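Working notes for the structure below.
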There are 2 protein chains.
Amino acid sequence: MAEEKRITPMAQDFSAWYIDVIKNADLMDYAPVRGCMIFKPAGYAIWEAIQRGLDSRFKATGHENAYFPMLIPESFFNKEKEHVEGFAPELPWVTEAAGEKLEERLALRPTSETIVGWAFQKWIQSWRDLPVLVNQWANVFRWEKRTLPFLRTSEFLWQEGHTAHADEKEAREETIRMLNVYVDFVQNEMALPVWEGQKTPSEKFAGAIDTYSIEAMMKDGKAVQAGTSHYMGTKFAQAFNIQYLDKDQTLKFVHTTSWGASTRLIGCLVMAHGDDKGLRLPPKIAPVQLVMIPVGPAKLREKVLARFDPLFQQIKAAGIRVKADAREEYSPGWKYNEYELRGVPLRLEIGPRDIDNNVVIIVRRDTGEKITASQDGLIDIINNLLTDIQQNMYNQALQFRQDHSFEATTLAELTDILDKQFGFVLGGWCGSGACEEEVKKATKATARNKPFGAPKQMPTCITCGQPSVATVWYARGY
Amino acid sequence: MAEEKRITPMAQDFSAWYIDVIKNADLMDYAPVRGCMIFKPAGYAIWEAIQRGLDSRFKATGHENAYFPMLIPESFFNKEKEHVEGFAPELPWVTEAAGEKLEERLALRPTSETIVGWAFQKWIQSWRDLPVLVNQWANVFRWEKRTLPFLRTSEFLWQEGHTAHADEKEAREETIRMLNVYVDFVQNEMALPVWEGQKTPSEKFAGAIDTYSIEAMMKDGKAVQAGTSHYMGTKFAQAFNIQYLDKDQTLKFVHTTSWGASTRLIGCLVMAHGDDKGLRLPPKIAPVQLVMIPVGPAKLREKVLARFDPLFQQIKAAGIRVKADAREEYSPGWKYNEYELRGVPLRLEIGPRDIDNNVVIIVRRDTGEKITASQDGLIDIINNLLTDIQQNMYNQALQFRQDHSFEATTLAELTDILDKQFGFVLGGWCGSGACEEEVKKATKATARNKPFGAPKQMPTCITCGQPSVATVWYARGY
């Protein structure tokens, strides 16, 4: 009836497993343009859930949304040296429009610090205009050589917050506040533990003074940067001349920040929670939390639907995101498989005998557990199960992270760990970029961040053995 | 303290009035790229209200959101002849990326029928896959020669629905269903009466069989197309080979539709509801429905705030979108003016004497009426006022439309009406494009649409006097 769906076992080939899961869960499709992708409804619905979770948090912390033009004049990039060096190699350019060659090339935005800086310069005159706290939901472009759906694509969707403040203290507070917003969202809604910390200079955002990130561990032990927050100092303020007249009647440069999270989070959910049966979605993010499937022989279908339909209405009215799949052209078995692939947290089956017994069968996606539940008090049962699944998925991810976290004191140890196992390795770092580079060459692992509240202080540099200035997580990325 | 804000009277110069209103309401800013604009927070918040209103209606009618790549290969446009002829003159092109010249130019999407068609061809095999009902919220590009903020810009934001159906009947039903969704939203939430109807062939979407629109009247009597819905027949299905195996085991082309509404609706709100004091927002769309301002001498401020703050919390808890402006660096008078400019439907003032009398002062933005309201039962009073303002603004717009709607039986009459007055003119049309062209040359007015349930049937063509095949609204546009 439908083509058979197969998922390569994760242990056999993680990359093949990942592609199989996202294709079978119908999250995406490839696009006719290299490195771009189509977000299919099931994938985009996850993005909408992420947007709701983040957007409400941004608004609760005083930010407003705005929208800046996608096309950025070439000259804008040249105003901040590190910024242009970081982004120029990946830019696509519009050179012609409406049949005419443009006088100046226009970049498709890779990020909007420059055009936002240009606008802030117009908007900010006095201390009364500060702080400016805006966010933008937008598409951005980075012409990547190697691409991977959701994780690294030429076009992706994201949000980018941009703020301007009167002084360094306020701007640094904002930088950490928004990092914590990401921590809160990813841990509590995406059910993923993260390490928040500061990036080393070589891993900073191009043009930032300090970059902070949250790093999540995927099931192949690799790290995904799930959100970043940058303190820019007065770099962009100086590049775009964003000054304000302070209460003391002197002109001062503003201090700016920016912070972002992207559709990469979708890939992150898949790689951190998925299993060999497909996607697993945490209930708070799942577009469909419960799927209802009628079962039993065709001749008793009417009897089943007579109870199935009001039950559906009752569950829906309780605010649970429920979907009823009573299609007759697909068998119950086909549907079980389908919604497992799609990661729906709970499946509810109801047949003629269940109706006689005033029960339903509920199956958990996270554990596979089958529960016979009374139809009385069903809403509470479902809500409790959803809460439990959310917590269980977090615990599983935390356990996995603990099982794949290591320590190393030398490069040889680090190499040995990453050769035999996979995961994050905690090590000391002397502060030298050359030492970081050496680790990268030897292991392909990079310094992910210097975690706040590192589980242990590592006193010497993993590479050179000199005293360490910071303890960092080393891991491979995508 | 702040620069004085002035609005050119509408009667003196409508275009200058419009720009003054959107600038003073802080809705937008110009961009460094010709024809593009920045949606400032106050403007973007209106777009968010529009998105909420439309998106919930799209989902209630069974549609899901998706996202298709912004870059469209040049070859895609050439597959549908009318489509490419309509859009090619306005396309911006990406010709280089990451330092290399591209083999094929990539257009920034002006609309997504082609790339959606390419995807539908992959997604649709069987009758079981139909209908496909997707919508996309995205930025689009049309390199316009003459631009006007919100109304016509090189980059704008919109939604575009794309659907595929088994047959013509279903697709035509969808086309009208979505037209009616626009009617419902614009009339009931934006408080604007519209004429829904069919476009004449010369005003059709490039590539459509039939285009339907809703047309709203602005306060200079011009028409704005506030939403469109297109029946494409099998044109795009043939261009992209979108076929399905039907129950009878034969391959058939799908019938497609598309429908869209854009940030033009923001301009539409301004031009249809604004007045010489600035913006007026209907309560259902207004990001802030009520602004609270404490008044009275500084020495009694503490007494006022002691009542002001709990009142704010009470109003907020009731689900009213309320903003408290207790800033001391701005005077109450400055604030009254500011929120009138910004179109906030209700203003609430409270001072020491009001507290003694257990009242507040409420001022309506739509009528200027000042109401002394008891603090007891205040929530009901506010909610009733918001309902009343919504209805009153609709009635005012309807009255305005009635006062500026005319009939003409000859081109001379039409010209005379449009020379002396402004508005929509109902006239007959013989079905000839040449007659439409003649009207346009003589008056700059175009056939807006053939309204469903035209107020009167006009039996002869306004231009040639031959029997009319349709009654149309003629009006000038932007």
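Identifiers for the structure tokens are assigned positionally: chains receive A, B, ... in sequence, residues are indexed from 1 per chain, and ligands are indexed from 1 in the order shown.
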
Could you list, as a PyMOL selection string, the residues of chain B having an atom within 9 Å of chain A when counting only C-alpha atoms?
chain B and resi 29+31-33+36-45+48+64-73+88-99+106-108+115+118-119+128+134+138-139+142-144+155-156+329

Could you pull out the alpha helix (DSSP H) residues of segment 217-322 of chain A from DSSP and send them as number ranges by chain?
A: 235-240, 264-273, 301-317

Determine, counting only C-alpha atoms, which protein, DNA and RNA residues have an atom within 7 Å of an atom of Glu80 of chain B; residues of the same chain fewer than 4 positions away are not included. Present the result as a PDB file with C-alpha atoms, in the first residue's frame.
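That gives us part_10.pdb:
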ATOM      1  CA  VAL B  84       7.630  33.941 -16.488  1.00  0.00           C
ATOM      2  CA  PHE B 236       1.329  24.272 -13.122  1.00  0.00           C
ATOM      3  CA  ALA B 239       4.443  22.495 -16.346  1.00  0.00           C
TER       4      ALA B 239
END

Kindly indicate which residue among B:Lys219, B:Arg177, B:His273, B:Lys335 lies nearest to Arg57 of chain B, using only C-alpha atoms for the distances.
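Among the listed residues, the smallest separation from Arg57 of chain B belongs to B:Arg177.
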
So that I can check the surroundings of segment 411-413 of chain A, please list as a count of residues only every protein, DNA and RNA residue that reaches within 12 Å of it, counting only C-alpha atoms and ignoring chain neighbours fewer than 4 positions away.
29

Applying 12 Å and only C-alpha atoms, which residues near Arg448 of chain B remain after dropping the ones on its own chain fewer than 5 positions away? List them as a PyMOL selection string.
chain B and resi 194-204+211-217+222-226+228+423-427+429+436+440+471-478

Keeping only C-alpha atoms, take the residues you just selected and write them out as an mmCIF file, in the first residue's frame.
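part-v5.cif, written as the output of this step:
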data_model
loop_
_atom_site.group_PDB
_atom_site.id
_atom_site.type_symbol
_atom_site.label_atom_id
_atom_site.label_comp_id
_atom_site.auth_asym_id
_atom_site.auth_seq_id
_atom_site.Cartn_x
_atom_site.Cartn_y
_atom_site.Cartn_z
ATOM 1 C CA VAL B 194 -14.425 44.666 1.186
ATOM 2 C CA TRP B 195 -15.818 43.760 -2.179
ATOM 3 C CA GLU B 196 -15.017 40.196 -3.077
ATOM 4 C CA GLY B 197 -15.129 39.280 -6.704
ATOM 5 C CA GLN B 198 -13.332 38.006 -9.763
ATOM 6 C CA LYS B 199 -10.534 39.810 -11.595
ATOM 7 C CA THR B 200 -10.830 40.496 -15.309
ATOM 8 C CA PRO B 201 -8.379 38.512 -17.489
ATOM 9 C CA SER B 202 -5.954 41.433 -17.813
ATOM 10 C CA GLU B 203 -5.676 41.745 -14.018
ATOM 11 C CA LYS B 204 -5.237 38.005 -13.357
ATOM 12 C CA THR B 211 -8.103 35.182 -9.987
ATOM 13 C CA TYR B 212 -10.375 36.420 -7.218
ATOM 14 C CA SER B 213 -9.666 39.361 -4.949
ATOM 15 C CA ILE B 214 -11.005 41.393 -2.109
ATOM 16 C CA GLU B 215 -10.862 45.141 -2.688
ATOM 17 C CA ALA B 216 -10.901 47.706 0.087
ATOM 18 C CA MET B 217 -11.440 51.464 -0.230
ATOM 19 C CA LYS B 222 -8.307 54.412 -4.123
ATOM 20 C CA ALA B 223 -8.551 50.648 -4.046
ATOM 21 C CA VAL B 224 -6.207 48.218 -2.362
ATOM 22 C CA GLN B 225 -6.274 44.550 -3.256
ATOM 23 C CA ALA B 226 -6.226 43.134 0.270
ATOM 24 C CA THR B 228 -6.124 37.245 -3.708
ATOM 25 C CA GLY B 423 -14.045 56.552 -4.912
ATOM 26 C CA PHE B 424 -15.228 53.383 -6.616
ATOM 27 C CA VAL B 425 -17.408 53.547 -9.689
ATOM 28 C CA LEU B 426 -19.683 50.711 -10.722
ATOM 29 C CA GLY B 427 -19.966 50.163 -14.436
ATOM 30 C CA TRP B 429 -18.092 45.820 -19.099
ATOM 31 C CA GLU B 436 -10.574 48.202 -20.065
ATOM 32 C CA LYS B 440 -7.316 53.135 -17.880
ATOM 33 C CA THR B 471 -20.578 44.595 -13.680
ATOM 34 C CA VAL B 472 -17.227 45.792 -12.353
ATOM 35 C CA TRP B 473 -15.832 48.224 -9.815
ATOM 36 C CA TYR B 474 -13.545 50.787 -11.409
ATOM 37 C CA ALA B 475 -11.114 52.607 -9.152
ATOM 38 C CA ARG B 476 -7.605 53.978 -9.060
ATOM 39 C CA GLY B 477 -4.932 51.993 -7.279
ATOM 40 C CA TYR B 478 -1.431 52.649 -5.977
#

Please identify all polymer residues within 9 Å of segment 250-256 of chain A, counting only C-alpha atoms, omitting same-chain residues fewer than 2 positions from it, and present them as a PyMOL selection string.
chain A and resi 124+126+130+162-168+170-172+230-238+241-248+258

Using backbone DSSP assignments, extract all strand (DSSP E) residues from segment 225-454 of chain B; output them as a ChimeraX atom specification.
/B:225-233,243-245,251-253,255-262,290-294,322-324,346-350,359-364,370-374,405-407,424-429,446-451

What is the distance, in Å and to one decimal place, between atom CA of Ala373 of chain A and atom CA of Asn358 of chain A?
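Going from atom CA of Ala373 of chain A over to atom CA of Asn358 of chain A covers 8.6 Å.
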
Identify which of the residues B:Asp210, B:Glu189, B:Glu302, B:Glu349 lies closest to Thr387 of chain B, counting only C-alpha atoms when measuring atom-to-atom distances.
B:Glu189

What is the atom CA of Asp55 of chain B to atom CA of Gly260 of chain B distance in Å?
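Distance reported for this atom pair: 11.8 Å.
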
If you measure from atom CA of Tyr330 of chain A to atom CA of Pro283 of chain A, what distance in Å do you get, rounded to one decimal?
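So the two atoms, atom CA of Tyr330 of chain A and atom CA of Pro283 of chain A, lie 25.3 Å apart.
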